[in-house]
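Note sheet for the following structure.
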Amino acid sequence: MFTIGPPRGEKKTRTAKTELNPRTTRYEFLGPPGALAICIGTPAVMYAMYFGCSEEYGGCPLPLNGYAVASALTSWSWWRALWDTQAASLYLSYYGFLVVCWYVLPGKHVQGLPMRDGQVKTYKVNAFATMLVLFGITAAVLWRHGPDPFTIIYEKWVGLLTASTLMSFALALGCYLASFRDGALLALGGNSGNFIYDFFIGRELNPSLGSLDLKSFNELRPGLMLWAVVDIAMACTQAVRRGGQVTDSMWLVVLFQCWYVADALFNEPAVFTTMDITSDGFGFMLALAITIEPFLYSLQARYLVFNPIELGPVYTGLILAVNLLGYYIFRAANGEKNDFRNGRNPKNLQYMTTESGRRLLTSGWWGRSRHPNYMGDLLMGLAWSLPTGFNTPLTYFYVIYFTILLVHRQQRDDEACRKKYGKDWDRYKTIVPWRIIPYVY
Ligand SMILES: NC(=O)C1=CN([C@@H]2O[C@H](COP(=O)(O)OP(=O)(O)OC[C@H]3O[C@@H](n4cnc5c(N)ncnc54)[C@H](OP(=O)(O)O)[C@@H]3O)[C@@H](O)[C@H]2O)C=CC1
Ligand SMILES: CC(C)=CCC[C@@H](C)[C@H]1CC=C2C3=C(CC[C@@]21C)[C@@]1(C)CC[C@H](O)C(C)(C)[C@@H]1CC3
């Protein structure tokens, strides 16, 4: 008798493989066309934010001149100017330095959540130590040579942006290709079989090089740390132009954002339980973090280089208050959940027990809305834009983009929790009806 198909043993292996790595049947982000649009659109937005808001190209915002844009896009010399070998070498050295720091600096080893194949990943926690070394080097250069060497970041912005974008692309493509090896655990949402979609969402769940976990490394380190360094460099550039003076608005932006970065790196283990790490793959979407964070999130600081603004004590105080309130909500909410998920309940908060045995907080910050931490994050985002005044909407880009990102993220999380908790989640939603901001959304 003949059978059609692979030999018996092979069939078993194939079944086991598809059981562990089932095909993705539902698309997010409007499927492959949406993924392609974001893959092209995000880098395009980052360049547009530079060319549209830059003293060299006529201020901020640059009046849209369709003819000028078309002639730039069709000229080879314009494309050629996006590449800068010196900037690329600088960027690569920075990235290499972070990998070396991860390797040589001591750090606790922390276990992540169990994955669906039962394995548990171990992460080396030394992001904060790496930041201290980087800030130490920055302080030493400032001390020895003053602010002048840092102006290179402002001057070589486009070259650095290109180098970082290519790095994001290379990381995502490398991980996509490596995900076809035997034994790779794929992300449930990134195995559709469509190249564009899987490349964007991330096909492999936790790609690593030896014991270096590429996803958490890239989500936290190269982007966030460079963001802080870029901000400091913008303050230095302003100081060089103004005879050593830095405006109060620049101080605010740099302090707020460096604090946010330091906080994220200090709380490194908290990232191992976010949906990016536990359920999303590592694709172009997350790899873009290494570029978005330093080159898009720092727009306000770059704007203040060529539009120095003095706020005075009243506005400075008000903006400081908005940021502090945002930070307080962000930290208190994340702290309550982290404590609770680690078996502690120091504030004696109320909770409900679900059929799965897992519990959900129903009082404290998590009783006010289903994502109180997003509300705090958004308030901080607003405080980072306010120091730029109201001369241009472009410096408010971060708040708008971030609102869209968090609303979408809240919807994805809601769906995931509905799957996890079933009708208990609906019950939780009747107890806590607001999604992010109580009485608003
Ligand atoms: N600056 C930036 O660009 C960005 C910042 N962020 C920030 O990252 C942080 C992490 O965000 P994110 O991972 O999206 O989500 P959250 O930290 O909000 O975590 C969501 C998870 O919390 C658990 N949870 C939900 N409700 C409750 C409850 N009532 N009690 C206990 N646990 C609950 C659920 O997981 P389970 O039940 O399985 O534990 C749910 O999946 C946020 O502070 C956000 O602001 C996020 C995106 C971008
Ligand atoms: C569509 C598209 C291209 C999306 C890219 C989104 C990413 C830039 C963000 C997704 C989740 C993020 C988080 C942080 C930064 C931005 C990205 C990568 C984060 C590291 C910022 C600092 C916080 O304290 C955090 C650690 C909680 C946070 C985690 C999520």
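A note on labels: chains of the structure tokens are A, B, ... as shown, every chain counts residues from 1, and ligands are counted from 1 in their shown order.
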### Task
Using only C-alpha atoms and all ligand atoms, find each residue with an atom at most 9 Å away from ligand 1 and format the answer as a count of residues only.
57
### Query
Which residues, written as a list in words, have at least one atom at most 6 Å from segment 314-328 of chain A, with only C-alpha atoms counted and residues fewer than 6 positions away on the same chain left out?
Gly376, Leu379, Met380 and Ala383 of chain A
Under the rule of at most 12 Å, produce a per-residue listing of segment 55-145 of chain A near segment 233-255 of chain A: chain, number, name, the closest pair of atoms, and the distance in Å, as JSON lines, using only C-alpha atoms.
{"residue": "A:Phe135", "atom": "CA", "partner": "A:Ala233", "partner_atom": "CA", "distance": 12.0}
{"residue": "A:Thr138", "atom": "CA", "partner": "A:Ala233", "partner_atom": "CA", "distance": 9.5}
{"residue": "A:Ala139", "atom": "CA", "partner": "A:Ala233", "partner_atom": "CA", "distance": 11.5}
{"residue": "A:Val141", "atom": "CA", "partner": "A:Ala233", "partner_atom": "CA", "distance": 11.5}
{"residue": "A:Leu142", "atom": "CA", "partner": "A:Cys236", "partner_atom": "CA", "distance": 8.9}
{"residue": "A:His145", "atom": "CA", "partner": "A:Cys236", "partner_atom": "CA", "distance": 11.5}
Quick one: residues within 6 Å of segment 180-197 of chain A, only C-alpha atoms counted, chain neighbours fewer than 5 positions away excluded, as a CSV table (one decimal) with C-alpha atoms, in the first residue's frame?
chain,number,residue,atom,x,y,z
A,21,ASN,CA,4.2,26.9,16.3
A,23,ARG,CA,0.0,29.3,11.8
A,24,THR,CA,-1.1,32.8,12.5
A,32,PRO,CA,0.4,42.9,5.1
A,35,ALA,CA,2.6,46.3,7.9
A,202,GLY,CA,8.5,39.4,14.4
A,203,ARG,CA,8.5,35.7,13.6
A,204,GLU,CA,10.7,34.4,16.4
A,205,LEU,CA,9.6,35.0,20.0
A,280,ASP,CA,5.3,39.6,20.6
A,281,GLY,CA,8.1,38.5,18.3
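Considering only C-alpha atoms, the residue among A:Tyr95, A:Phe390, A:Phe306, A:Trp425 positioned nearest to Glu355 of chain A is A:Trp425.
Residue nearest Gly389 of chain A, chosen from A:Ala81, A:Ile329, A:Leu30, A:Leu304 and counting only C-alpha atoms: A:Leu304.
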I need the residues of segment 282-388 of chain A that end up classed as alpha helix (DSSP H) by DSSP on the backbone, written out as a PDB file with N, CA and C atoms, in the first residue's frame.
ATOM      1  N   PHE A 284      10.602  44.090  12.784  1.00  0.00           N
ATOM      2  CA  PHE A 284      10.993  45.468  12.462  1.00  0.00           C
ATOM      3  C   PHE A 284      10.284  46.456  13.400  1.00  0.00           C
ATOM      4  N   MET A 285       9.032  46.123  13.819  1.00  0.00           N
ATOM      5  CA  MET A 285       8.283  47.028  14.689  1.00  0.00           C
ATOM      6  C   MET A 285       9.056  47.323  15.974  1.00  0.00           C
ATOM      7  N   LEU A 286       9.533  46.278  16.635  1.00  0.00           N
ATOM      8  CA  LEU A 286      10.266  46.521  17.890  1.00  0.00           C
ATOM      9  C   LEU A 286      11.704  46.965  17.623  1.00  0.00           C
ATOM     10  N   ALA A 287      12.285  46.462  16.523  1.00  0.00           N
ATOM     11  CA  ALA A 287      13.663  46.861  16.218  1.00  0.00           C
ATOM     12  C   ALA A 287      13.731  48.365  15.943  1.00  0.00           C
ATOM     13  N   ALA A 289      12.508  50.558  17.642  1.00  0.00           N
ATOM     14  CA  ALA A 289      12.634  51.287  18.917  1.00  0.00           C
ATOM     15  C   ALA A 289      14.021  51.915  19.038  1.00  0.00           C
ATOM     16  N   ILE A 290      15.058  51.216  18.522  1.00  0.00           N
ATOM     17  CA  ILE A 290      16.419  51.755  18.689  1.00  0.00           C
ATOM     18  C   ILE A 290      16.603  53.050  17.898  1.00  0.00           C
ATOM     19  N   THR A 291      15.700  53.305  16.935  1.00  0.00           N
ATOM     20  CA  THR A 291      15.801  54.530  16.129  1.00  0.00           C
ATOM     21  C   THR A 291      14.767  55.575  16.568  1.00  0.00           C
ATOM     22  N   ILE A 292      13.546  55.083  16.844  1.00  0.00           N
ATOM     23  CA  ILE A 292      12.477  56.015  17.227  1.00  0.00           C
ATOM     24  C   ILE A 292      12.842  56.760  18.512  1.00  0.00           C
ATOM     25  N   GLU A 293      13.347  56.017  19.493  1.00  0.00           N
ATOM     26  CA  GLU A 293      13.597  56.641  20.801  1.00  0.00           C
ATOM     27  C   GLU A 293      14.623  57.778  20.713  1.00  0.00           C
ATOM     28  N   PRO A 294      15.810  57.547  20.120  1.00  0.00           N
ATOM     29  CA  PRO A 294      16.759  58.675  20.110  1.00  0.00           C
ATOM     30  C   PRO A 294      16.448  59.759  19.081  1.00  0.00           C
ATOM     31  N   PHE A 295      15.847  59.393  17.950  1.00  0.00           N
ATOM     32  CA  PHE A 295      15.755  60.379  16.871  1.00  0.00           C
ATOM     33  C   PHE A 295      14.362  60.988  16.699  1.00  0.00           C
ATOM     34  N   LEU A 299      12.840  65.118  19.596  1.00  0.00           N
ATOM     35  CA  LEU A 299      12.554  66.268  18.710  1.00  0.00           C
ATOM     36  C   LEU A 299      12.480  67.597  19.477  1.00  0.00           C
ATOM     37  N   GLN A 300      11.863  67.558  20.661  1.00  0.00           N
ATOM     38  CA  GLN A 300      11.704  68.808  21.418  1.00  0.00           C
ATOM     39  C   GLN A 300      13.067  69.420  21.771  1.00  0.00           C
ATOM     40  N   ALA A 301      14.010  68.569  22.195  1.00  0.00           N
ATOM     41  CA  ALA A 301      15.330  69.081  22.571  1.00  0.00           C
ATOM     42  C   ALA A 301      16.039  69.656  21.344  1.00  0.00           C
ATOM     43  N   ARG A 302      15.901  68.968  20.189  1.00  0.00           N
ATOM     44  CA  ARG A 302      16.557  69.471  18.968  1.00  0.00           C
ATOM     45  C   ARG A 302      15.926  70.804  18.540  1.00  0.00           C
ATOM     46  N   TYR A 303      14.616  70.911  18.686  1.00  0.00           N
ATOM     47  CA  TYR A 303      13.910  72.143  18.323  1.00  0.00           C
ATOM     48  C   TYR A 303      14.418  73.313  19.177  1.00  0.00           C
ATOM     49  N   LEU A 304      14.644  73.030  20.476  1.00  0.00           N
ATOM     50  CA  LEU A 304      15.057  74.116  21.376  1.00  0.00           C
ATOM     51  C   LEU A 304      16.478  74.612  21.082  1.00  0.00           C
ATOM     52  N   VAL A 305      17.263  73.824  20.327  1.00  0.00           N
ATOM     53  CA  VAL A 305      18.603  74.298  19.947  1.00  0.00           C
ATOM     54  C   VAL A 305      18.473  75.550  19.088  1.00  0.00           C
ATOM     55  N   PHE A 306      17.557  75.503  18.107  1.00  0.00           N
ATOM     56  CA  PHE A 306      17.455  76.667  17.216  1.00  0.00           C
ATOM     57  C   PHE A 306      16.259  77.566  17.526  1.00  0.00           C
ATOM     58  N   GLY A 312      10.621  81.121  32.371  1.00  0.00           N
ATOM     59  CA  GLY A 312      10.417  81.848  33.627  1.00  0.00           C
ATOM     60  C   GLY A 312       9.914  80.892  34.699  1.00  0.00           C
ATOM     61  N   PRO A 313       9.951  81.367  35.967  1.00  0.00           N
ATOM     62  CA  PRO A 313       9.669  80.444  37.086  1.00  0.00           C
ATOM     63  C   PRO A 313       8.240  79.909  37.114  1.00  0.00           C
ATOM     64  N   VAL A 314       7.233  80.710  36.701  1.00  0.00           N
ATOM     65  CA  VAL A 314       5.842  80.247  36.825  1.00  0.00           C
ATOM     66  C   VAL A 314       5.577  79.079  35.888  1.00  0.00           C
ATOM     67  N   TYR A 315       5.896  79.258  34.577  1.00  0.00           N
ATOM     68  CA  TYR A 315       5.656  78.172  33.613  1.00  0.00           C
ATOM     69  C   TYR A 315       6.535  76.961  33.935  1.00  0.00           C
ATOM     70  N   THR A 316       7.773  77.249  34.370  1.00  0.00           N
ATOM     71  CA  THR A 316       8.659  76.132  34.723  1.00  0.00           C
ATOM     72  C   THR A 316       8.020  75.315  35.836  1.00  0.00           C
ATOM     73  N   GLY A 317       7.487  75.996  36.841  1.00  0.00           N
ATOM     74  CA  GLY A 317       6.857  75.311  37.975  1.00  0.00           C
ATOM     75  C   GLY A 317       5.648  74.505  37.528  1.00  0.00           C
ATOM     76  N   LEU A 318       4.821  75.112  36.660  1.00  0.00           N
ATOM     77  CA  LEU A 318       3.605  74.422  36.213  1.00  0.00           C
ATOM     78  C   LEU A 318       3.950  73.150  35.429  1.00  0.00           C
ATOM     79  N   ILE A 319       4.917  73.291  34.523  1.00  0.00           N
ATOM     80  CA  ILE A 319       5.296  72.128  33.691  1.00  0.00           C
ATOM     81  C   ILE A 319       5.922  71.032  34.563  1.00  0.00           C
ATOM     82  N   LEU A 320       6.709  71.475  35.535  1.00  0.00           N
ATOM     83  CA  LEU A 320       7.317  70.531  36.473  1.00  0.00           C
ATOM     84  C   LEU A 320       6.213  69.756  37.201  1.00  0.00           C
ATOM     85  N   ALA A 321       5.151  70.478  37.584  1.00  0.00           N
ATOM     86  CA  ALA A 321       4.051  69.831  38.313  1.00  0.00           C
ATOM     87  C   ALA A 321       3.363  68.786  37.438  1.00  0.00           C
ATOM     88  N   VAL A 322       3.145  69.114  36.140  1.00  0.00           N
ATOM     89  CA  VAL A 322       2.501  68.149  35.230  1.00  0.00           C
ATOM     90  C   VAL A 322       3.363  66.890  35.119  1.00  0.00           C
ATOM     91  N   ASN A 323       4.671  67.090  34.981  1.00  0.00           N
ATOM     92  CA  ASN A 323       5.548  65.927  34.832  1.00  0.00           C
ATOM     93  C   ASN A 323       5.575  65.082  36.114  1.00  0.00           C
ATOM     94  N   LEU A 324       5.639  65.781  37.258  1.00  0.00           N
ATOM     95  CA  LEU A 324       5.698  65.037  38.521  1.00  0.00           C
ATOM     96  C   LEU A 324       4.425  64.239  38.751  1.00  0.00           C
ATOM     97  N   LEU A 325       3.276  64.857  38.417  1.00  0.00           N
ATOM     98  CA  LEU A 325       2.003  64.153  38.575  1.00  0.00           C
ATOM     99  C   LEU A 325       1.981  62.906  37.673  1.00  0.00           C
ATOM    100  N   GLY A 326       2.407  63.103  36.409  1.00  0.00           N
ATOM    101  CA  GLY A 326       2.448  61.979  35.461  1.00  0.00           C
ATOM    102  C   GLY A 326       3.363  60.880  35.978  1.00  0.00           C
ATOM    103  N   TYR A 327       4.534  61.271  36.444  1.00  0.00           N
ATOM    104  CA  TYR A 327       5.496  60.270  36.921  1.00  0.00           C
ATOM    105  C   TYR A 327       4.949  59.532  38.140  1.00  0.00           C
ATOM    106  N   TYR A 328       4.305  60.299  39.027  1.00  0.00           N
ATOM    107  CA  TYR A 328       3.754  59.673  40.240  1.00  0.00           C
ATOM    108  C   TYR A 328       2.720  58.595  39.858  1.00  0.00           C
ATOM    109  N   ILE A 329       1.805  58.952  38.927  1.00  0.00           N
ATOM    110  CA  ILE A 329       0.766  57.979  38.521  1.00  0.00           C
ATOM    111  C   ILE A 329       1.413  56.759  37.845  1.00  0.00           C
ATOM    112  N   PHE A 330       2.335  57.035  36.930  1.00  0.00           N
ATOM    113  CA  PHE A 330       3.035  55.981  36.179  1.00  0.00           C
ATOM    114  C   PHE A 330       3.727  54.997  37.130  1.00  0.00           C
ATOM    115  N   ARG A 331       4.486  55.526  38.086  1.00  0.00           N
ATOM    116  CA  ARG A 331       5.243  54.673  39.005  1.00  0.00           C
ATOM    117  C   ARG A 331       4.329  53.968  40.008  1.00  0.00           C
ATOM    118  N   ALA A 332       3.358  54.747  40.559  1.00  0.00           N
ATOM    119  CA  ALA A 332       2.477  54.155  41.587  1.00  0.00           C
ATOM    120  C   ALA A 332       1.678  53.010  40.962  1.00  0.00           C
ATOM    121  N   ALA A 333       1.144  53.235  39.736  1.00  0.00           N
ATOM    122  CA  ALA A 333       0.332  52.201  39.086  1.00  0.00           C
ATOM    123  C   ALA A 333       1.199  50.980  38.753  1.00  0.00           C
ATOM    124  N   ASN A 334       2.356  51.217  38.124  1.00  0.00           N
ATOM    125  CA  ASN A 334       3.220  50.078  37.786  1.00  0.00           C
ATOM    126  C   ASN A 334       3.682  49.358  39.049  1.00  0.00           C
ATOM    127  N   GLY A 335       3.940  50.113  40.120  1.00  0.00           N
ATOM    128  CA  GLY A 335       4.396  49.535  41.390  1.00  0.00           C
ATOM    129  C   GLY A 335       3.316  48.648  42.006  1.00  0.00           C
ATOM    130  N   GLU A 336       2.059  49.149  42.014  1.00  0.00           N
ATOM    131  CA  GLU A 336       0.963  48.355  42.597  1.00  0.00           C
ATOM    132  C   GLU A 336       0.835  47.017  41.874  1.00  0.00           C
ATOM    133  N   LYS A 337       0.911  47.081  40.520  1.00  0.00           N
ATOM    134  CA  LYS A 337       0.743  45.834  39.750  1.00  0.00           C
ATOM    135  C   LYS A 337       1.943  44.897  39.955  1.00  0.00           C
ATOM    136  N   ASN A 338       3.159  45.473  39.934  1.00  0.00           N
ATOM    137  CA  ASN A 338       4.345  44.623  40.120  1.00  0.00           C
ATOM    138  C   ASN A 338       4.309  43.935  41.478  1.00  0.00           C
ATOM    139  N   ASP A 339       3.980  44.708  42.536  1.00  0.00           N
ATOM    140  CA  ASP A 339       3.890  44.115  43.884  1.00  0.00           C
ATOM    141  C   ASP A 339       2.887  42.970  43.876  1.00  0.00           C
ATOM    142  N   PHE A 340       1.707  43.267  43.320  1.00  0.00           N
ATOM    143  CA  PHE A 340       0.615  42.298  43.340  1.00  0.00           C
ATOM    144  C   PHE A 340       0.984  41.025  42.581  1.00  0.00           C
ATOM    145  N   ARG A 341       1.595  41.196  41.407  1.00  0.00           N
ATOM    146  CA  ARG A 341       1.970  40.036  40.604  1.00  0.00           C
ATOM    147  C   ARG A 341       3.108  39.242  41.261  1.00  0.00           C
ATOM    148  N   TRP A 365      -5.020  52.206  41.936  1.00  0.00           N
ATOM    149  CA  TRP A 365      -4.950  52.759  40.572  1.00  0.00           C
ATOM    150  C   TRP A 365      -5.656  51.867  39.557  1.00  0.00           C
ATOM    151  N   TRP A 366      -5.554  50.542  39.749  1.00  0.00           N
ATOM    152  CA  TRP A 366      -6.152  49.609  38.787  1.00  0.00           C
ATOM    153  C   TRP A 366      -7.659  49.486  38.964  1.00  0.00           C
ATOM    154  N   GLY A 367      -8.194  50.190  39.988  1.00  0.00           N
ATOM    155  CA  GLY A 367      -9.640  50.252  40.140  1.00  0.00           C
ATOM    156  C   GLY A 367     -10.172  51.526  39.490  1.00  0.00           C
ATOM    157  N   ARG A 368      -9.278  52.460  39.152  1.00  0.00           N
ATOM    158  CA  ARG A 368      -9.720  53.722  38.535  1.00  0.00           C
ATOM    159  C   ARG A 368      -9.838  53.579  37.025  1.00  0.00           C
ATOM    160  N   PRO A 372      -4.058  52.647  34.120  1.00  0.00           N
ATOM    161  CA  PRO A 372      -3.701  53.926  34.748  1.00  0.00           C
ATOM    162  C   PRO A 372      -2.262  54.328  34.432  1.00  0.00           C
ATOM    163  N   ASN A 373      -1.387  53.317  34.216  1.00  0.00           N
ATOM    164  CA  ASN A 373       0.021  53.632  33.907  1.00  0.00           C
ATOM    165  C   ASN A 373       0.139  54.395  32.581  1.00  0.00           C
ATOM    166  N   TYR A 374      -0.752  54.098  31.608  1.00  0.00           N
ATOM    167  CA  TYR A 374      -0.720  54.823  30.325  1.00  0.00           C
ATOM    168  C   TYR A 374      -1.071  56.295  30.556  1.00  0.00           C
ATOM    169  N   MET A 375      -2.010  56.529  31.510  1.00  0.00           N
ATOM    170  CA  MET A 375      -2.431  57.907  31.768  1.00  0.00           C
ATOM    171  C   MET A 375      -1.224  58.715  32.287  1.00  0.00           C
ATOM    172  N   GLY A 376      -0.464  58.109  33.218  1.00  0.00           N
ATOM    173  CA  GLY A 376       0.718  58.782  33.753  1.00  0.00           C
ATOM    174  C   GLY A 376       1.740  59.033  32.649  1.00  0.00           C
ATOM    175  N   ASP A 377       1.938  58.035  31.797  1.00  0.00           N
ATOM    176  CA  ASP A 377       2.909  58.154  30.707  1.00  0.00           C
ATOM    177  C   ASP A 377       2.504  59.291  29.759  1.00  0.00           C
ATOM    178  N   LEU A 378       1.204  59.399  29.487  1.00  0.00           N
ATOM    179  CA  LEU A 378       0.724  60.449  28.580  1.00  0.00           C
ATOM    180  C   LEU A 378       0.914  61.838  29.185  1.00  0.00           C
ATOM    181  N   LEU A 379       0.661  61.950  30.493  1.00  0.00           N
ATOM    182  CA  LEU A 379       0.853  63.254  31.152  1.00  0.00           C
ATOM    183  C   LEU A 379       2.314  63.681  31.058  1.00  0.00           C
ATOM    184  N   MET A 380       3.207  62.698  31.253  1.00  0.00           N
ATOM    185  CA  MET A 380       4.638  63.030  31.139  1.00  0.00           C
ATOM    186  C   MET A 380       4.960  63.477  29.713  1.00  0.00           C
ATOM    187  N   GLY A 381       4.390  62.759  28.734  1.00  0.00           N
ATOM    188  CA  GLY A 381       4.633  63.118  27.325  1.00  0.00           C
ATOM    189  C   GLY A 381       4.208  64.555  27.050  1.00  0.00           C
ATOM    190  N   LEU A 382       3.093  64.962  27.662  1.00  0.00           N
ATOM    191  CA  LEU A 382       2.615  66.339  27.475  1.00  0.00           C
ATOM    192  C   LEU A 382       3.614  67.327  28.085  1.00  0.00           C
ATOM    193  N   ALA A 383       4.121  66.964  29.284  1.00  0.00           N
ATOM    194  CA  ALA A 383       5.071  67.859  29.960  1.00  0.00           C
ATOM    195  C   ALA A 383       6.375  67.998  29.170  1.00  0.00           C
ATOM    196  N   TRP A 384       6.704  67.015  28.328  1.00  0.00           N
ATOM    197  CA  TRP A 384       7.936  67.106  27.533  1.00  0.00           C
ATOM    198  C   TRP A 384       7.751  68.013  26.326  1.00  0.00           C
ATOM    199  N   SER A 385       6.485  68.242  25.921  1.00  0.00           N
ATOM    200  CA  SER A 385       6.251  69.096  24.757  1.00  0.00           C
ATOM    201  C   SER A 385       5.990  70.546  25.170  1.00  0.00           C
TER     202      SER A 385
END
